[in-house]
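A.B. asks: Here you go, this is model-v5.cif (mmCIF, C-alpha atoms and all ligand atoms).
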data_data
#
loop_
_atom_site.group_PDB
_atom_site.id
_atom_site.type_symbol
_atom_site.label_atom_id
_atom_site.label_comp_id
_atom_site.auth_asym_id
_atom_site.auth_seq_id
_atom_site.Cartn_x
_atom_site.Cartn_y
_atom_site.Cartn_z
ATOM 1 C CA ALA A 18 -12.181 -7.614 29.470
ATOM 2 C CA GLN A 19 -13.914 -8.858 26.343
ATOM 3 C CA ILE A 20 -16.526 -6.631 24.658
ATOM 4 C CA PRO A 21 -19.885 -8.496 24.564
ATOM 5 C CA THR A 22 -21.840 -8.915 21.347
ATOM 6 C CA VAL A 23 -25.555 -8.451 20.678
ATOM 7 C CA SER A 24 -27.402 -10.888 18.399
ATOM 8 C CA LEU A 25 -29.460 -9.342 15.625
ATOM 9 C CA ASN A 26 -32.698 -10.636 14.088
ATOM 10 C CA ASN A 27 -30.890 -11.743 10.899
ATOM 11 C CA GLY A 28 -28.536 -14.145 12.680
ATOM 12 C CA THR A 29 -25.507 -11.816 12.719
ATOM 13 C CA SER A 30 -24.017 -10.122 15.763
ATOM 14 C CA ILE A 31 -22.537 -6.734 16.627
ATOM 15 C CA PRO A 32 -20.077 -5.630 19.339
ATOM 16 C CA GLN A 33 -22.126 -3.905 22.044
ATOM 17 C CA LEU A 34 -19.489 -1.170 22.419
ATOM 18 C CA GLY A 35 -18.145 0.769 19.460
ATOM 19 C CA PHE A 36 -16.548 4.111 18.668
ATOM 20 C CA GLY A 37 -18.601 6.983 17.206
ATOM 21 C CA VAL A 38 -16.951 9.532 14.913
ATOM 22 C CA TYR A 39 -19.620 12.249 14.667
ATOM 23 C CA GLN A 40 -17.862 15.654 14.683
ATOM 24 C CA VAL A 41 -14.409 14.093 14.394
ATOM 25 C CA PRO A 42 -12.704 16.295 11.766
ATOM 26 C CA PRO A 43 -11.794 14.386 8.573
ATOM 27 C CA ASP A 44 -8.044 14.966 9.017
ATOM 28 C CA GLU A 45 -8.135 13.640 12.618
ATOM 29 C CA THR A 46 -10.301 10.610 11.972
ATOM 30 C CA GLU A 47 -7.603 8.120 11.007
ATOM 31 C CA ARG A 48 -5.649 8.830 14.191
ATOM 32 C CA ALA A 49 -8.753 8.779 16.417
ATOM 33 C CA VAL A 50 -9.914 5.444 14.989
ATOM 34 C CA LEU A 51 -6.426 3.935 15.311
ATOM 35 C CA THR A 52 -6.425 5.014 18.984
ATOM 36 C CA ALA A 53 -9.786 3.288 19.416
ATOM 37 C CA PHE A 54 -8.485 0.096 17.761
ATOM 38 C CA GLU A 55 -5.493 0.152 20.154
ATOM 39 C CA ALA A 56 -7.914 0.447 23.080
ATOM 40 C CA GLY A 57 -9.734 -2.667 21.866
ATOM 41 C CA TYR A 58 -12.716 -1.216 19.985
ATOM 42 C CA ARG A 59 -13.703 -3.232 16.909
ATOM 43 C CA HIS A 60 -16.853 -1.359 15.862
ATOM 44 C CA ILE A 61 -16.910 2.070 14.206
ATOM 45 C CA ASP A 62 -20.048 4.182 13.715
ATOM 46 C CA THR A 63 -19.758 6.753 10.916
ATOM 47 C CA ALA A 64 -22.158 8.367 8.429
ATOM 48 C CA GLN A 65 -22.049 9.977 5.018
ATOM 49 C CA MET A 66 -23.030 13.205 6.803
ATOM 50 C CA TYR A 67 -19.876 13.129 8.976
ATOM 51 C CA GLN A 68 -17.630 13.384 5.870
ATOM 52 C CA ASN A 69 -14.957 11.251 7.504
ATOM 53 C CA GLU A 70 -15.536 7.802 5.994
ATOM 54 C CA ALA A 71 -12.208 8.011 4.141
ATOM 55 C CA GLY A 72 -10.395 8.485 7.463
ATOM 56 C CA VAL A 73 -12.143 5.407 8.859
ATOM 57 C CA GLY A 74 -11.054 3.500 5.751
ATOM 58 C CA ARG A 75 -7.422 4.609 6.126
ATOM 59 C CA ALA A 76 -7.418 3.558 9.790
ATOM 60 C CA LEU A 77 -8.820 0.151 8.876
ATOM 61 C CA ARG A 78 -6.205 -0.325 6.151
ATOM 62 C CA ASN A 79 -3.290 0.885 8.291
ATOM 63 C CA SER A 80 -4.334 -0.959 11.454
ATOM 64 C CA GLY A 81 -3.326 -4.365 10.144
ATOM 65 C CA LEU A 82 -6.679 -5.693 11.374
ATOM 66 C CA ALA A 83 -8.579 -8.123 9.166
ATOM 67 C CA ARG A 84 -11.698 -6.671 7.547
ATOM 68 C CA GLU A 85 -13.878 -9.342 9.177
ATOM 69 C CA ASP A 86 -12.636 -8.354 12.631
ATOM 70 C CA VAL A 87 -14.007 -4.816 12.407
ATOM 71 C CA TYR A 88 -17.708 -3.901 12.337
ATOM 72 C CA ILE A 89 -18.390 -0.822 10.206
ATOM 73 C CA THR A 90 -21.637 1.128 10.173
ATOM 74 C CA THR A 91 -22.466 4.021 7.878
ATOM 75 C CA LYS A 92 -25.688 5.936 7.279
ATOM 76 C CA LEU A 93 -27.502 7.266 4.242
ATOM 77 C CA ASN A 94 -27.371 11.031 3.928
ATOM 78 C CA ASN A 95 -30.616 13.012 4.131
ATOM 79 C CA ASP A 96 -30.207 14.325 0.578
ATOM 80 C CA SER A 97 -30.012 10.795 -0.838
ATOM 81 C CA HIS A 98 -33.303 9.059 -0.020
ATOM 82 C CA GLU A 99 -34.454 8.525 -3.597
ATOM 83 C CA PRO A 100 -33.764 4.908 -4.584
ATOM 84 C CA ALA A 101 -31.242 5.500 -7.394
ATOM 85 C CA VAL A 102 -29.478 8.182 -5.364
ATOM 86 C CA ALA A 103 -29.365 5.923 -2.289
ATOM 87 C CA ARG A 104 -27.724 3.167 -4.348
ATOM 88 C CA ALA A 105 -25.095 5.557 -5.698
ATOM 89 C CA ALA A 106 -24.516 6.928 -2.187
ATOM 90 C CA LEU A 107 -23.717 3.486 -0.776
ATOM 91 C CA GLU A 108 -21.323 2.838 -3.691
ATOM 92 C CA GLN A 109 -19.590 6.118 -2.829
ATOM 93 C CA SER A 110 -19.351 5.099 0.855
ATOM 94 C CA LEU A 111 -17.792 1.757 -0.125
ATOM 95 C CA ARG A 112 -15.179 3.630 -2.180
ATOM 96 C CA GLU A 113 -14.466 6.106 0.651
ATOM 97 C CA LEU A 114 -14.199 3.299 3.207
ATOM 98 C CA ASP A 115 -12.287 1.145 0.699
ATOM 99 C CA VAL A 116 -14.354 -1.950 1.518
ATOM 100 C CA ASP A 117 -16.591 -4.194 -0.585
ATOM 101 C CA HIS A 118 -19.421 -4.176 1.963
ATOM 102 C CA VAL A 119 -20.376 -2.434 5.178
ATOM 103 C CA ASP A 120 -21.623 -4.402 8.153
ATOM 104 C CA LEU A 121 -24.572 -2.094 8.723
ATOM 105 C CA PHE A 122 -26.227 0.593 6.590
ATOM 106 C CA LEU A 123 -28.887 2.812 8.180
ATOM 107 C CA ILE A 124 -31.410 5.392 6.995
ATOM 108 C CA HIS A 125 -30.065 8.295 9.068
ATOM 109 C CA TRP A 126 -33.396 10.159 9.597
ATOM 110 C CA PRO A 127 -36.948 9.268 8.520
ATOM 111 C CA LEU A 128 -37.676 12.813 7.181
ATOM 112 C CA PRO A 129 -41.447 12.381 7.526
ATOM 113 C CA THR A 130 -42.399 15.174 5.076
ATOM 114 C CA ARG A 131 -39.449 15.562 2.665
ATOM 115 C CA TYR A 132 -39.788 13.336 -0.442
ATOM 116 C CA GLY A 133 -43.518 13.251 0.274
ATOM 117 C CA GLY A 134 -42.755 11.254 3.409
ATOM 118 C CA ASP A 135 -41.740 8.261 1.275
ATOM 119 C CA TYR A 136 -39.088 6.685 3.473
ATOM 120 C CA VAL A 137 -40.703 3.334 2.593
ATOM 121 C CA SER A 138 -39.112 3.329 -0.902
ATOM 122 C CA THR A 139 -35.810 4.223 0.724
ATOM 123 C CA TRP A 140 -36.174 1.300 3.123
ATOM 124 C CA ARG A 141 -37.017 -1.078 0.269
ATOM 125 C CA THR A 142 -33.841 0.058 -1.527
ATOM 126 C CA LEU A 143 -31.725 -0.677 1.554
ATOM 127 C CA THR A 144 -33.189 -4.181 1.774
ATOM 128 C CA GLU A 145 -32.226 -4.730 -1.887
ATOM 129 C CA LEU A 146 -28.686 -3.521 -1.188
ATOM 130 C CA ALA A 147 -28.507 -6.045 1.656
ATOM 131 C CA ALA A 148 -29.710 -8.833 -0.653
ATOM 132 C CA GLU A 149 -26.916 -7.840 -3.061
ATOM 133 C CA GLY A 150 -24.335 -8.183 -0.278
ATOM 134 C CA LYS A 151 -23.284 -4.536 -0.169
ATOM 135 C CA ALA A 152 -24.440 -4.293 3.462
ATOM 136 C CA THR A 153 -24.581 -7.328 5.746
ATOM 137 C CA SER A 154 -27.363 -5.762 7.805
ATOM 138 C CA VAL A 155 -29.638 -2.808 7.183
ATOM 139 C CA GLY A 156 -31.619 -0.717 9.582
ATOM 140 C CA VAL A 157 -32.876 2.708 10.482
ATOM 141 C CA SER A 158 -32.057 5.605 12.761
ATOM 142 C CA ASN A 159 -34.264 8.101 14.557
ATOM 143 C CA PHE A 160 -37.403 6.082 13.768
ATOM 144 C CA HIS A 161 -40.338 6.617 16.098
ATOM 145 C CA PRO A 162 -42.819 3.772 16.678
ATOM 146 C CA GLU A 163 -45.113 4.940 13.842
ATOM 147 C CA HIS A 164 -42.204 5.151 11.364
ATOM 148 C CA LEU A 165 -41.088 1.622 12.264
ATOM 149 C CA LYS A 166 -44.616 0.260 12.016
ATOM 150 C CA ARG A 167 -45.083 1.807 8.585
ATOM 151 C CA ILE A 168 -41.975 0.284 6.963
ATOM 152 C CA VAL A 169 -42.684 -3.131 8.476
ATOM 153 C CA ASP A 170 -46.374 -3.047 7.478
ATOM 154 C CA GLU A 171 -45.605 -1.910 3.929
ATOM 155 C CA THR A 172 -42.556 -4.097 3.149
ATOM 156 C CA GLY A 173 -42.789 -7.006 5.592
ATOM 157 C CA ILE A 174 -39.066 -6.578 6.257
ATOM 158 C CA VAL A 175 -37.982 -5.757 9.805
ATOM 159 C CA PRO A 176 -34.832 -3.646 10.259
ATOM 160 C CA ALA A 177 -31.966 -5.193 12.231
ATOM 161 C CA ILE A 178 -31.361 -2.002 14.203
ATOM 162 C CA ASN A 179 -32.948 1.294 15.209
ATOM 163 C CA GLN A 180 -30.322 3.861 16.255
ATOM 164 C CA ILE A 181 -31.973 6.514 18.469
ATOM 165 C CA GLU A 182 -31.025 9.150 21.017
ATOM 166 C CA VAL A 183 -30.927 7.459 24.438
ATOM 167 C CA HIS A 184 -29.208 8.579 27.647
ATOM 168 C CA PRO A 185 -30.288 9.138 31.258
ATOM 169 C CA TYR A 186 -31.941 12.494 30.428
ATOM 170 C CA LEU A 187 -33.856 11.100 27.394
ATOM 171 C CA THR A 188 -34.578 7.432 27.977
ATOM 172 C CA ASN A 189 -36.819 7.367 24.883
ATOM 173 C CA GLU A 190 -38.743 4.353 26.189
ATOM 174 C CA ASP A 191 -41.527 4.462 23.586
ATOM 175 C CA ALA A 192 -39.095 4.072 20.697
ATOM 176 C CA ARG A 193 -36.992 1.531 22.638
ATOM 177 C CA LEU A 194 -39.974 -0.639 23.514
ATOM 178 C CA ALA A 195 -41.518 -0.416 20.020
ATOM 179 C CA SER A 196 -38.158 -1.580 18.619
ATOM 180 C CA GLY A 197 -37.888 -4.383 21.164
ATOM 181 C CA ARG A 198 -41.374 -5.686 20.404
ATOM 182 C CA LEU A 199 -40.351 -6.076 16.740
ATOM 183 C CA ASN A 200 -37.036 -7.694 17.762
ATOM 184 C CA VAL A 201 -35.142 -4.661 16.425
ATOM 185 C CA ALA A 202 -31.944 -4.054 18.422
ATOM 186 C CA VAL A 203 -31.527 -0.557 19.865
ATOM 187 C CA GLU A 204 -28.422 1.553 19.411
ATOM 188 C CA ALA A 205 -28.256 4.484 21.837
ATOM 189 C CA TRP A 206 -26.703 7.579 20.261
ATOM 190 C CA SER A 207 -25.132 10.352 22.359
ATOM 191 C CA PRO A 208 -24.949 7.801 25.205
ATOM 192 C CA ILE A 209 -23.575 10.386 27.662
ATOM 193 C CA ALA A 210 -25.672 13.227 26.160
ATOM 194 C CA GLN A 211 -22.452 14.795 24.851
ATOM 195 C CA GLY A 212 -21.367 15.228 28.481
ATOM 196 C CA ALA A 213 -24.599 16.838 29.769
ATOM 197 C CA VAL A 214 -25.324 14.053 32.277
ATOM 198 C CA LEU A 215 -21.860 13.838 33.825
ATOM 199 C CA ASP A 216 -22.457 16.229 36.749
ATOM 200 C CA ASP A 217 -25.686 14.545 37.789
ATOM 201 C CA PRO A 218 -25.591 13.814 41.564
ATOM 202 C CA VAL A 219 -26.889 10.237 41.147
ATOM 203 C CA LEU A 220 -24.200 9.414 38.564
ATOM 204 C CA VAL A 221 -21.507 11.120 40.662
ATOM 205 C CA GLU A 222 -22.614 9.131 43.747
ATOM 206 C CA LEU A 223 -22.558 5.788 41.904
ATOM 207 C CA ALA A 224 -19.219 6.648 40.302
ATOM 208 C CA GLU A 225 -17.705 7.156 43.759
ATOM 209 C CA LYS A 226 -19.243 3.896 45.008
ATOM 210 C CA TYR A 227 -17.653 1.846 42.202
ATOM 211 C CA GLY A 228 -14.411 3.790 41.803
ATOM 212 C CA LYS A 229 -15.475 4.653 38.244
ATOM 213 C CA THR A 230 -16.233 7.930 36.461
ATOM 214 C CA PRO A 231 -19.778 9.231 35.808
ATOM 215 C CA ALA A 232 -19.176 8.535 32.108
ATOM 216 C CA GLN A 233 -18.318 4.899 32.869
ATOM 217 C CA VAL A 234 -21.381 4.460 35.111
ATOM 218 C CA THR A 235 -23.613 5.905 32.387
ATOM 219 C CA LEU A 236 -22.122 3.668 29.699
ATOM 220 C CA ARG A 237 -22.468 0.646 31.990
ATOM 221 C CA TRP A 238 -26.168 1.529 32.515
ATOM 222 C CA HIS A 239 -26.658 1.220 28.751
ATOM 223 C CA ILE A 240 -24.841 -2.142 28.721
ATOM 224 C CA GLU A 241 -27.080 -3.472 31.537
ATOM 225 C CA ARG A 242 -30.153 -2.426 29.515
ATOM 226 C CA GLY A 243 -28.886 -4.305 26.465
ATOM 227 C CA ASP A 244 -28.462 -1.285 24.186
ATOM 228 C CA ILE A 245 -25.537 -0.903 21.785
ATOM 229 C CA ILE A 246 -23.354 2.208 22.336
ATOM 230 C CA PHE A 247 -20.485 4.048 20.627
ATOM 231 C CA PRO A 248 -19.329 6.998 22.720
ATOM 232 C CA LYS A 249 -17.169 9.537 20.911
ATOM 233 C CA SER A 250 -13.950 11.151 22.126
ATOM 234 C CA VAL A 251 -10.751 12.306 20.460
ATOM 235 C CA THR A 252 -8.873 12.273 23.798
ATOM 236 C CA PRO A 253 -6.936 8.984 24.068
ATOM 237 C CA GLU A 254 -7.394 8.733 27.860
ATOM 238 C CA ARG A 255 -11.175 9.077 27.502
ATOM 239 C CA VAL A 256 -11.285 6.622 24.614
ATOM 240 C CA LYS A 257 -9.680 4.053 26.964
ATOM 241 C CA GLU A 258 -11.864 5.110 29.912
ATOM 242 C CA ASN A 259 -15.041 4.625 27.881
ATOM 243 C CA ALA A 260 -14.052 1.031 27.063
ATOM 244 C CA ASP A 261 -13.130 0.177 30.661
ATOM 245 C CA ILE A 262 -16.670 -0.715 31.729
ATOM 246 C CA PHE A 263 -16.642 -4.507 31.755
ATOM 247 C CA ASP A 264 -15.158 -5.108 35.225
ATOM 248 C CA PHE A 265 -18.181 -3.953 37.255
ATOM 249 C CA SER A 266 -21.950 -4.131 37.023
ATOM 250 C CA LEU A 267 -24.982 -2.225 38.279
ATOM 251 C CA PRO A 268 -27.799 -4.065 40.083
ATOM 252 C CA ALA A 269 -31.394 -3.549 38.894
ATOM 253 C CA ASP A 270 -32.258 -0.953 41.559
ATOM 254 C CA GLU A 271 -29.340 1.253 40.493
ATOM 255 C CA VAL A 272 -30.191 0.815 36.820
ATOM 256 C CA ASN A 273 -33.713 1.964 37.712
ATOM 257 C CA ARG A 274 -32.426 4.985 39.656
ATOM 258 C CA ILE A 275 -30.539 6.134 36.564
ATOM 259 C CA THR A 276 -33.517 5.451 34.283
ATOM 260 C CA ALA A 277 -35.627 7.643 36.606
ATOM 261 C CA LEU A 278 -33.420 10.655 35.719
ATOM 262 C CA ASP A 279 -35.356 10.904 32.428
ATOM 263 C CA LYS A 280 -36.448 14.462 31.580
ATOM 264 C CA GLY A 281 -38.456 13.492 28.495
ATOM 265 C CA GLU A 282 -38.456 15.997 25.609
ATOM 266 C CA GLU A 283 -36.564 18.518 27.742
ATOM 267 C CA GLY A 284 -33.612 16.117 27.874
ATOM 268 C CA ARG A 285 -33.293 15.779 24.101
ATOM 269 C CA THR A 286 -29.936 17.029 22.730
ATOM 270 C CA GLY A 287 -30.729 16.559 19.024
ATOM 271 C CA PRO A 288 -33.745 17.299 16.837
ATOM 272 C CA ASN A 289 -37.063 15.491 17.237
ATOM 273 C CA PRO A 290 -37.433 13.021 14.326
ATOM 274 C CA ASP A 291 -41.108 13.978 13.909
ATOM 275 C CA THR A 292 -40.219 17.540 12.948
ATOM 276 C CA PHE A 293 -36.666 17.233 11.561
ATOM 277 C CA ASP A 294 -36.875 17.360 7.813
HETATM 278 P P1 LIG B 1 -21.500 11.303 23.242
HETATM 279 O O1 LIG B 1 -22.653 11.180 24.173
HETATM 280 O O2 LIG B 1 -20.736 10.104 22.858
HETATM 281 O O3 LIG B 1 -20.544 12.412 23.865
HETATM 282 C C1 LIG B 1 -19.329 12.778 23.240
HETATM 283 C C2 LIG B 1 -18.699 13.981 23.942
HETATM 284 O O4 LIG B 1 -18.649 13.754 25.348
HETATM 285 C C3 LIG B 1 -17.255 14.180 23.511
HETATM 286 O O5 LIG B 1 -17.189 15.088 22.429
HETATM 287 C C4 LIG B 1 -16.580 14.714 24.746
HETATM 288 O O6 LIG B 1 -16.743 16.109 24.789
HETATM 289 C C5 LIG B 1 -17.383 14.106 25.867
HETATM 290 N N1 LIG B 1 -16.780 12.887 26.450
HETATM 291 C C6 LIG B 1 -16.602 11.689 25.853
HETATM 292 N N2 LIG B 1 -16.089 10.791 26.714
HETATM 293 C C7 LIG B 1 -15.936 11.450 27.886
HETATM 294 C C8 LIG B 1 -15.457 11.044 29.160
HETATM 295 N N3 LIG B 1 -15.032 9.799 29.400
HETATM 296 N N4 LIG B 1 -15.451 11.963 30.149
HETATM 297 C C9 LIG B 1 -15.893 13.227 29.934
HETATM 298 N N5 LIG B 1 -16.361 13.655 28.746
HETATM 299 C C10 LIG B 1 -16.384 12.775 27.731
HETATM 300 O O7 LIG B 1 -22.054 12.095 21.958
HETATM 301 P P2 LIG B 1 -22.071 11.912 20.381
HETATM 302 O O8 LIG B 1 -20.734 11.973 19.780
HETATM 303 O O9 LIG B 1 -23.098 12.875 19.905
HETATM 304 O O10 LIG B 1 -22.690 10.449 20.184
HETATM 305 C C11 LIG B 1 -21.906 9.286 20.007
HETATM 306 C C12 LIG B 1 -22.051 8.749 18.606
HETATM 307 O O11 LIG B 1 -23.422 8.504 18.297
HETATM 308 C C13 LIG B 1 -21.628 9.734 17.511
HETATM 309 O O12 LIG B 1 -20.226 9.850 17.402
HETATM 310 C C14 LIG B 1 -22.294 9.115 16.314
HETATM 311 O O13 LIG B 1 -21.551 7.996 15.882
HETATM 312 C C15 LIG B 1 -23.632 8.678 16.904
HETATM 313 N N6 LIG B 1 -24.709 9.689 16.684
HETATM 314 C C16 LIG B 1 -25.714 9.369 15.834
HETATM 315 C C17 LIG B 1 -26.745 10.264 15.589
HETATM 316 C C18 LIG B 1 -27.850 9.881 14.672
HETATM 317 O O14 LIG B 1 -28.658 10.738 14.278
HETATM 318 N N7 LIG B 1 -27.956 8.634 14.278
HETATM 319 C C19 LIG B 1 -26.751 11.521 16.211
HETATM 320 C C20 LIG B 1 -25.704 11.827 17.085
HETATM 321 C C21 LIG B 1 -24.707 10.902 17.324
#
Can you give me the file's structure in the form of structure tokens?

C.D. replies:
Amino acid sequence: AQIPTVSLNNGTSIPQLGFGVYQVPPDETERAVLTAFEAGYRHIDTAQMYQNEAGVGRALRNSGLAREDVYITTKLNNDSHEPAVARAALEQSLRELDVDHVDLFLIHWPLPTRYGGDYVSTWRTLTELAAEGKATSVGVSNFHPEHLKRIVDETGIVPAINQIEVHPYLTNEDARLASGRLNVAVEAWSPIAQGAVLDDPVLVELAEKYGKTPAQVTLRWHIERGDIIFPKSVTPERVKENADIFDFSLPADEVNRITALDKGEEGRTGPNPDTFD
């Protein structure tokens, strides 16, 4: 079945399902991304930090797919927030990816104390890079409501996307709702909590009911909630499995049962953006 798209606040759209390449080793990335393309994925989520942009670029080039048919996201590294450094970092990403623009460029982490907490200048730089056509859309990642409010108040420019940790054990509703109120689309990273949710009795029960796997039920829950996801796997069978979620749906009461699995801070798999610096 066709992968749906989500409309962004700048008039562009993004495939709601993509393929994440965090922790995919550089020398395995081309093959992993080609496997994802074969399974129908047309959206790749990488980052300067992952050190595998060149592999994504090789896969794009060797896939035979047209550039405009693939959505590519990368993210600014934490050591590159200063405006001139951020500009040079995107140029380097474009060379690694061998493209003339990315579809989406994100500030990876707000880093609320490093650089004197000045992620506002970083954000302004990204908006300039978008105006220059080097990134079709720009956004942020790991921004809490107060971080979002600050960049919007100080620049008047609303990000297209906020990419945050969201899965059944950390539903992160405050950051999701703050994004939604500003018409910022939410991308849910670690959508299956790197596997931590897959033995949950509720997910196992629903998986049996629909003849799906717990991973597929979890990914479908994200789709029902309107979030954008890019599960990661280097196992071809799982890459296919994670895309096979468009032939069933979950009614509202089942979506709510999964949402109720939230463990709050205890469910977090990554660092808290307020203290990660
Ligand atoms: P994920 O939730 O996608 O889980 C991936 C892991 O789950 C795999 O390594 C594999 O062990 C397992 N898995 C995958 N599919 C499975 C299946 N069908 N059945 C059983 N096990 C399965 O975790 P992730 O890779 O951390 O997150 C996805 C993507 O999100 C990343 O690749 C990256 O692109 C992005 N991300 C962004 C940030 C950020 O700070 N912005 C942080 C982490 C991840």

A.B. asks: If you count all atoms listed in the file, which residues fall within 12 Å of stretch 97-105 of chain A, apart from same-chain ones fewer than 4 positions away, as a ChimeraX atom specification?

C.D. replies: /A:65-66,92-93,109-112,122-129,131-147,149,151-152,294

A.B. asks: Report, in Å to a single decimal, how far apart atom CA of A:Ile31 and atom CA of A:Ala269 are.

C.D. replies: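 Between these atoms lies a distance of 24.2 Å.
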
A.B. asks: Between A:Gly72, A:Pro253, A:Pro218, A:Pro21, which residue has the minimum interatomic distance to ligand LIG 1 (chain B), considering all atoms listed in the file?

C.D. replies: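 Checking each of A:Gly72, A:Pro253, A:Pro218, A:Pro21 against ligand LIG 1 (chain B), counting all atoms listed in the file, the winner is A:Pro253.
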
A.B. asks: Would you name the residues within 8 Å of ligand LIG 1 (chain B), counting only C-alpha atoms and all ligand atoms, and put them as a ChimeraX atom specification?

C.D. replies: /A:36-41,61-64,92,125-126,158-159,180-182,184,205-212,215,230-233,246-252,254-256,258-259,287

A.B. asks: Which residues would end up in the selection if the PyMOL selection byres (((chain A and resi 263) around 12) and not hetatm) were applied here, given that I need the answer as number ranges by chain?

C.D. replies: A: 18-21, 33-34, 229, 233-234, 236-241, 258-262, 264-267

A.B. asks: Would you mind reading off the distance between atom CA of A:Asp115 and atom CA of A:Tyr67, one decimal, in Å?

C.D. replies: 16.4 Å

A.B. asks: Between atom CA of A:Arg242 and atom CA of A:Phe293, what is the distance, to one decimal in Å?

C.D. replies: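 Taking atom CA of A:Arg242 as the start and atom CA of A:Phe293 as the end point, the length is 27.4 Å.
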
A.B. asks: Which of these, A:Asn189, A:Ala106, A:Thr172, A:Thr29, has the shortest distance to A:Asn289 once you count all atoms listed in the file?

C.D. replies: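 Looking only at the distances to A:Asn289, the closest residue turns out to be A:Asn189.
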
A.B. asks: With distances taken over all atoms listed in the file, which residue among A:Gly74, A:Pro288, A:Gly81, A:Gly150 lies nearest A:Leu114?

C.D. replies: A:Gly74

A.B. asks: Between A:Glu163, A:Glu55, A:Asp216, A:Glu222, which is the closest to A:Pro290 once you count only C-alpha atoms?

C.D. replies: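 Using only C-alpha atoms, A:Pro290 sits closest to A:Glu163.
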
A.B. asks: Nearest to A:Leu121 among A:Asn95, A:Ser196, A:Asn79, A:Asn27, with distances taken over only C-alpha atoms: which residue is it?

C.D. replies: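 Using only C-alpha atoms, the shortest distance to A:Leu121 belongs to A:Asn27.
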
A.B. asks: Taking the file as shown, find all residues satisfying the PyMOL selection byres (((chain A and resi 89) around 7) and not hetatm) and write them as number ranges by chain.

C.D. replies: A: 60-62, 87-88, 90-91, 119-121

A.B. asks: For A:Glu283, which of A:Thr46, A:Thr22, A:Asn179, A:Thr188 is the closest residue, counting only C-alpha atoms?

C.D. replies: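 Selected residue with least distance to A:Glu283: A:Thr188.
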
A.B. asks: Kindly list the centre and edge lengths in Å, rounded to one decimal, for the axis-aligned box that covers all listed atoms of stretch 166-176 of chain A plus 8 Å on each of its six sides, as AutoDock Vina command-line options.

C.D. replies:
--center_x -40.6 --center_y -2.6 --center_z 7.6 --size_x 27.5 --size_y 24.8 --size_z 24.9

A.B. asks: Where atoms are missing, can you supply N, CA and C atoms for stretch 175-186 of chain A and output the lot as a PDB file, in the coordinates of the input?

C.D. replies:
ATOM      1  N   VAL A 175     -38.267  -6.402   8.523  1.00  0.00           N
ATOM      2  CA  VAL A 175     -37.982  -5.757   9.805  1.00  0.00           C
ATOM      3  C   VAL A 175     -36.516  -5.320   9.825  1.00  0.00           C
ATOM      4  N   PRO A 176     -36.236  -4.070  10.174  1.00  0.00           N
ATOM      5  CA  PRO A 176     -34.832  -3.646  10.259  1.00  0.00           C
ATOM      6  C   PRO A 176     -34.089  -4.407  11.365  1.00  0.00           C
ATOM      7  N   ALA A 177     -32.773  -4.535  11.195  1.00  0.00           N
ATOM      8  CA  ALA A 177     -31.966  -5.193  12.231  1.00  0.00           C
ATOM      9  C   ALA A 177     -31.803  -4.281  13.433  1.00  0.00           C
ATOM     10  N   ILE A 178     -31.751  -2.968  13.167  1.00  0.00           N
ATOM     11  CA  ILE A 178     -31.361  -2.002  14.203  1.00  0.00           C
ATOM     12  C   ILE A 178     -32.154  -0.717  14.054  1.00  0.00           C
ATOM     13  N   ASN A 179     -32.473  -0.088  15.191  1.00  0.00           N
ATOM     14  CA  ASN A 179     -32.948   1.294  15.209  1.00  0.00           C
ATOM     15  C   ASN A 179     -31.992   2.078  16.093  1.00  0.00           C
ATOM     16  N   GLN A 180     -31.289   3.041  15.500  1.00  0.00           N
ATOM     17  CA  GLN A 180     -30.322   3.861  16.255  1.00  0.00           C
ATOM     18  C   GLN A 180     -31.000   5.167  16.657  1.00  0.00           C
ATOM     19  N   ILE A 181     -31.199   5.365  17.970  1.00  0.00           N
ATOM     20  CA  ILE A 181     -31.973   6.514  18.469  1.00  0.00           C
ATOM     21  C   ILE A 181     -31.244   7.201  19.616  1.00  0.00           C
ATOM     22  N   GLU A 182     -31.613   8.440  19.875  1.00  0.00           N
ATOM     23  CA  GLU A 182     -31.025   9.150  21.017  1.00  0.00           C
ATOM     24  C   GLU A 182     -31.513   8.510  22.311  1.00  0.00           C
ATOM     25  N   VAL A 183     -30.585   8.022  23.122  1.00  0.00           N
ATOM     26  CA  VAL A 183     -30.927   7.459  24.438  1.00  0.00           C
ATOM     27  C   VAL A 183     -29.797   7.771  25.411  1.00  0.00           C
ATOM     28  N   HIS A 184     -30.152   8.347  26.547  1.00  0.00           N
ATOM     29  CA  HIS A 184     -29.208   8.579  27.647  1.00  0.00           C
ATOM     30  C   HIS A 184     -30.056   8.847  28.882  1.00  0.00           C
ATOM     31  N   PRO A 185     -29.454   9.018  30.048  1.00  0.00           N
ATOM     32  CA  PRO A 185     -30.288   9.138  31.258  1.00  0.00           C
ATOM     33  C   PRO A 185     -31.268  10.314  31.237  1.00  0.00           C
ATOM     34  N   TYR A 186     -31.013  11.358  30.470  1.00  0.00           N
ATOM     35  CA  TYR A 186     -31.941  12.494  30.428  1.00  0.00           C
ATOM     36  C   TYR A 186     -32.980  12.371  29.311  1.00  0.00           C
TER      37      TYR A 186
END
